[in-house]
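Asker: Here you go, coords-v3.cif (mmCIF, C-alpha atoms and all ligand atoms):
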```
data_model
loop_
_atom_site.group_PDB
_atom_site.id
_atom_site.type_symbol
_atom_site.label_atom_id
_atom_site.label_comp_id
_atom_site.auth_asym_id
_atom_site.auth_seq_id
_atom_site.Cartn_x
_atom_site.Cartn_y
_atom_site.Cartn_z
ATOM 1 C CA MET A 1387 15.337 -28.663 6.557
ATOM 2 C CA GLN A 1388 14.023 -32.068 5.638
ATOM 3 C CA LYS A 1389 14.999 -33.469 2.248
ATOM 4 C CA VAL A 1390 13.028 -36.047 0.326
ATOM 5 C CA ASN A 1391 14.219 -38.767 -1.976
ATOM 6 C CA HIS A 1392 14.277 -37.044 -5.379
ATOM 7 C CA ALA A 1393 13.680 -40.275 -7.323
ATOM 8 C CA ASP A 1394 10.654 -41.149 -5.168
ATOM 9 C CA PHE A 1395 9.188 -37.682 -5.733
ATOM 10 C CA ILE A 1396 9.729 -37.874 -9.520
ATOM 11 C CA LYS A 1397 8.050 -41.304 -9.530
ATOM 12 C CA TYR A 1398 5.070 -39.911 -7.603
ATOM 13 C CA LEU A 1399 4.724 -36.929 -9.986
ATOM 14 C CA LYS A 1400 4.867 -39.142 -13.080
ATOM 15 C CA GLU A 1401 2.037 -41.245 -11.655
ATOM 16 C CA GLN A 1402 -0.158 -38.261 -10.713
ATOM 17 C CA TRP A 1403 0.562 -35.339 -13.007
ATOM 18 C CA SER A 1404 -0.093 -34.575 -16.678
ATOM 19 C CA GLY A 1405 3.028 -32.394 -16.719
ATOM 20 C CA LYS A 1406 1.729 -29.208 -18.376
ATOM 21 C CA CYS A 1407 1.766 -25.866 -16.585
ATOM 22 C CA PRO A 1408 -1.840 -24.620 -16.176
ATOM 23 C CA LEU A 1409 -0.722 -21.011 -16.775
ATOM 24 C CA CYS A 1410 1.589 -21.150 -19.797
ATOM 25 C CA GLY A 1411 1.306 -24.727 -21.099
ATOM 26 C CA SER A 1412 5.037 -25.362 -20.748
ATOM 27 C CA GLY A 1413 6.264 -28.714 -19.502
ATOM 28 C CA ASN A 1414 9.517 -27.518 -17.956
ATOM 29 C CA TRP A 1415 9.498 -27.801 -14.194
ATOM 30 C CA ASN A 1416 12.080 -27.323 -11.468
ATOM 31 C CA ILE A 1417 11.579 -29.750 -8.625
ATOM 32 C CA GLN A 1418 12.845 -29.105 -5.143
ATOM 33 C CA ALA A 1419 13.957 -32.050 -3.032
ATOM 34 C CA ALA A 1420 13.249 -30.205 0.220
ATOM 35 C CA VAL A 1421 10.116 -30.025 2.333
ATOM 36 C CA TYR A 1422 8.746 -26.625 3.365
ATOM 37 C CA GLN A 1423 5.845 -25.901 5.650
ATOM 38 C CA LEU A 1424 2.773 -23.730 5.399
ATOM 39 C CA ILE A 1425 1.688 -22.213 8.666
ATOM 40 C CA PRO A 1426 -1.444 -20.242 9.546
ATOM 41 C CA TYR A 1427 -1.183 -16.515 8.928
ATOM 42 C CA GLY A 1428 -2.220 -13.816 11.398
ATOM 43 C CA VAL A 1429 -2.299 -10.113 10.471
ATOM 44 C CA ASP A 1430 -0.568 -8.926 13.624
ATOM 45 C CA THR A 1431 0.797 -12.070 15.175
ATOM 46 C CA LEU A 1432 2.087 -15.533 14.482
ATOM 47 C CA ILE A 1433 -0.616 -18.092 15.212
ATOM 48 C CA VAL A 1434 0.841 -20.784 17.445
ATOM 49 C CA ASP A 1435 -2.245 -22.480 18.914
ATOM 50 C CA ASP A 1436 -3.732 -23.849 15.696
ATOM 51 C CA PRO A 1437 -4.408 -27.611 16.086
ATOM 52 C CA ASN A 1438 -2.873 -28.193 12.653
ATOM 53 C CA PRO A 1439 -0.085 -25.623 12.701
ATOM 54 C CA ASN A 1440 1.841 -26.692 9.650
ATOM 55 C CA ILE A 1441 1.394 -28.446 6.348
ATOM 56 C CA PRO A 1442 4.466 -30.058 4.769
ATOM 57 C CA VAL A 1443 4.745 -29.229 1.060
ATOM 58 C CA ILE A 1444 7.238 -29.671 -1.747
ATOM 59 C CA PRO A 1445 7.388 -26.770 -4.240
ATOM 60 C CA VAL A 1446 7.498 -27.427 -7.965
ATOM 61 C CA PHE A 1447 7.812 -24.392 -10.194
ATOM 62 C CA CYS A 1448 7.500 -23.736 -13.913
ATOM 63 C CA THR A 1449 10.811 -22.540 -15.341
ATOM 64 C CA LYS A 1450 9.021 -20.494 -18.037
ATOM 65 C CA CYS A 1451 6.422 -18.452 -16.110
ATOM 66 C CA GLY A 1452 7.260 -19.108 -12.441
ATOM 67 C CA ASN A 1453 3.921 -20.665 -11.567
ATOM 68 C CA THR A 1454 4.552 -22.592 -8.366
ATOM 69 C CA ILE A 1455 2.631 -25.678 -7.312
ATOM 70 C CA LEU A 1456 2.834 -27.035 -3.790
ATOM 71 C CA VAL A 1457 2.536 -30.811 -3.491
ATOM 72 C CA SER A 1458 1.529 -32.241 -0.116
ATOM 73 C CA ALA A 1459 4.527 -34.207 1.128
ATOM 74 C CA THR A 1460 2.208 -36.210 3.367
ATOM 75 C CA ILE A 1461 -0.150 -37.306 0.592
ATOM 76 C CA ALA A 1462 2.821 -38.021 -1.672
ATOM 77 C CA GLY A 1463 3.990 -40.397 1.048
ATOM 78 C CA LEU A 1464 7.354 -38.681 1.420
ATOM 79 C CA VAL A 1465 6.961 -37.653 5.059
ATOM 80 C CA ARG A 1466 5.117 -39.244 7.949
ATOM 81 C CA LYS A 1467 1.861 -37.737 9.234
HETATM 82 ZN ZN ZN A 1501 4.242 -21.922 -16.690
#
```
Represent the structure contained in this file as C-alpha cells.

Answerer:
Amino acid sequence: MQKVNHADFIKYLKEQWSGKCPLCGSGNWNIQAAVYQLIPYGVDTLIVDDPNPNIPVIPVFCTKCGNTILVSATIAGLVRK
C-alpha cells in the first residue's frame, strides 16, 4: 500500500477545502495517509480490460457522522499519473 506525505496532504486540504462536513456540519475529520484505488465494478466479474482500471484516492472521513470523501491523489499531486 502506498503512503503519502501526511504534511503535504494536510497542506493541500487547507488550500482547497472549507473544512465543514456537508452532511452534519462538523469540522472533525480523520485523514488517512494511505492511497487506495477505485476500480470498475462488474456484477458478475472483475473488469480487467478497462483502459483506466484504477483511480488513486485518499479517504477522509467525518468522525461525527462517518461521511467519507475521496480525494484524488493524482490531482492532489501526491502520486504520479
Ligand atoms: Zn459529518

Asker: Using all atoms listed in the file, can you tell me which of A:Tyr1398, A:Trp1415, A:Tyr1422, A:Trp1403 comes closest to ligand ZN 1501 (chain A)?

Answerer: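 Closest to ligand ZN 1501 (chain A) of all the choices is A:Trp1415.
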
Asker: Of the candidates A:Leu1399, A:Cys1448, A:Cys1410, A:Val1443, which one gets nearest to Ile1425 (chain A) if we count only C-alpha atoms?

Answerer: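 Ranked by minimum distance to Ile1425 (chain A), first place goes to A:Val1443.
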
Asker: Give as a ChimeraX atom specification the residues that the PyMOL selection byres (((chain A and resi 1459) around 12) and not hetatm) matches when applied to the coordinates above.

Answerer: /A:1388-1391,1394-1395,1398-1399,1418-1424,1440-1446,1456-1458,1460-1467

Asker: For the residues in that selection, give me C-alpha atoms as a PDB file, in the coordinates of the input.

Answerer:
```pdb
ATOM      1  CA  GLN A1388      14.023 -32.068   5.638  1.00  0.00           C
ATOM      2  CA  LYS A1389      14.999 -33.469   2.248  1.00  0.00           C
ATOM      3  CA  VAL A1390      13.028 -36.047   0.326  1.00  0.00           C
ATOM      4  CA  ASN A1391      14.219 -38.767  -1.976  1.00  0.00           C
ATOM      5  CA  ASP A1394      10.654 -41.149  -5.168  1.00  0.00           C
ATOM      6  CA  PHE A1395       9.188 -37.682  -5.733  1.00  0.00           C
ATOM      7  CA  TYR A1398       5.070 -39.911  -7.603  1.00  0.00           C
ATOM      8  CA  LEU A1399       4.724 -36.929  -9.986  1.00  0.00           C
ATOM      9  CA  GLN A1418      12.845 -29.105  -5.143  1.00  0.00           C
ATOM     10  CA  ALA A1419      13.957 -32.050  -3.032  1.00  0.00           C
ATOM     11  CA  ALA A1420      13.249 -30.205   0.220  1.00  0.00           C
ATOM     12  CA  VAL A1421      10.116 -30.025   2.333  1.00  0.00           C
ATOM     13  CA  TYR A1422       8.746 -26.625   3.365  1.00  0.00           C
ATOM     14  CA  GLN A1423       5.845 -25.901   5.650  1.00  0.00           C
ATOM     15  CA  LEU A1424       2.773 -23.730   5.399  1.00  0.00           C
ATOM     16  CA  ASN A1440       1.841 -26.692   9.650  1.00  0.00           C
ATOM     17  CA  ILE A1441       1.394 -28.446   6.348  1.00  0.00           C
ATOM     18  CA  PRO A1442       4.466 -30.058   4.769  1.00  0.00           C
ATOM     19  CA  VAL A1443       4.745 -29.229   1.060  1.00  0.00           C
ATOM     20  CA  ILE A1444       7.238 -29.671  -1.747  1.00  0.00           C
ATOM     21  CA  PRO A1445       7.388 -26.770  -4.240  1.00  0.00           C
ATOM     22  CA  VAL A1446       7.498 -27.427  -7.965  1.00  0.00           C
ATOM     23  CA  LEU A1456       2.834 -27.035  -3.790  1.00  0.00           C
ATOM     24  CA  VAL A1457       2.536 -30.811  -3.491  1.00  0.00           C
ATOM     25  CA  SER A1458       1.529 -32.241  -0.116  1.00  0.00           C
ATOM     26  CA  THR A1460       2.208 -36.210   3.367  1.00  0.00           C
ATOM     27  CA  ILE A1461      -0.150 -37.306   0.592  1.00  0.00           C
ATOM     28  CA  ALA A1462       2.821 -38.021  -1.672  1.00  0.00           C
ATOM     29  CA  GLY A1463       3.990 -40.397   1.048  1.00  0.00           C
ATOM     30  CA  LEU A1464       7.354 -38.681   1.420  1.00  0.00           C
ATOM     31  CA  VAL A1465       6.961 -37.653   5.059  1.00  0.00           C
ATOM     32  CA  ARG A1466       5.117 -39.244   7.949  1.00  0.00           C
ATOM     33  CA  LYS A1467       1.861 -37.737   9.234  1.00  0.00           C
TER      34      LYS A1467
END
```

Asker: Please extract the residues at most 7 Å from ligand ZN 1501 (chain A), counting all atoms listed in the file, and provide them as a list in words, using the chain letters and residue numbers of this document.

Answerer: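 Those within range of ligand ZN 1501 (chain A) are Cys1407, Pro1408, Leu1409, Cys1410, Gly1411, Ser1412, Cys1448, Thr1449, Lys1450, Cys1451, Gly1452 and Asn1453 of chain A.
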
Asker: For a test of reading the model, state the distance in Å between CA of Lys1400 (chain A) and CA of Ile1417 (chain A), rounded to one decimal.

Answerer: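 For CA of Lys1400 (chain A) relative to CA of Ile1417 (chain A), the distance reads 12.4 Å.
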
Asker: Just how far from CA of Gln1402 (chain A) is CA of Pro1426 (chain A), in Å to one decimal?

Answerer: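 One can read the CA of Pro1426 (chain A) to CA of Gln1402 (chain A) distance as 27.1 Å.
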
Asker: Could you check which of A:Asp1430, A:His1392, A:Phe1447, A:Thr1454 is closest to Asn1414 (chain A), using only C-alpha atoms?

Answerer: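 Of A:Asp1430, A:His1392, A:Phe1447, A:Thr1454, the one nearest Asn1414 (chain A), counting only C-alpha atoms, is A:Phe1447.
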
Asker: Enclose the full set of atoms of region 1409-1421 of chain A listed in the file within a box whose edges lie along x, y and z, apply 4 Å of padding to each of the six sides, and report centre and edge lengths in Å to one decimal as JSON.

Answerer:
```
{"center_x": 6.6, "center_y": -26.5, "center_z": -9.4, "size_x": 22.7, "size_y": 19.0, "size_z": 31.4}
```
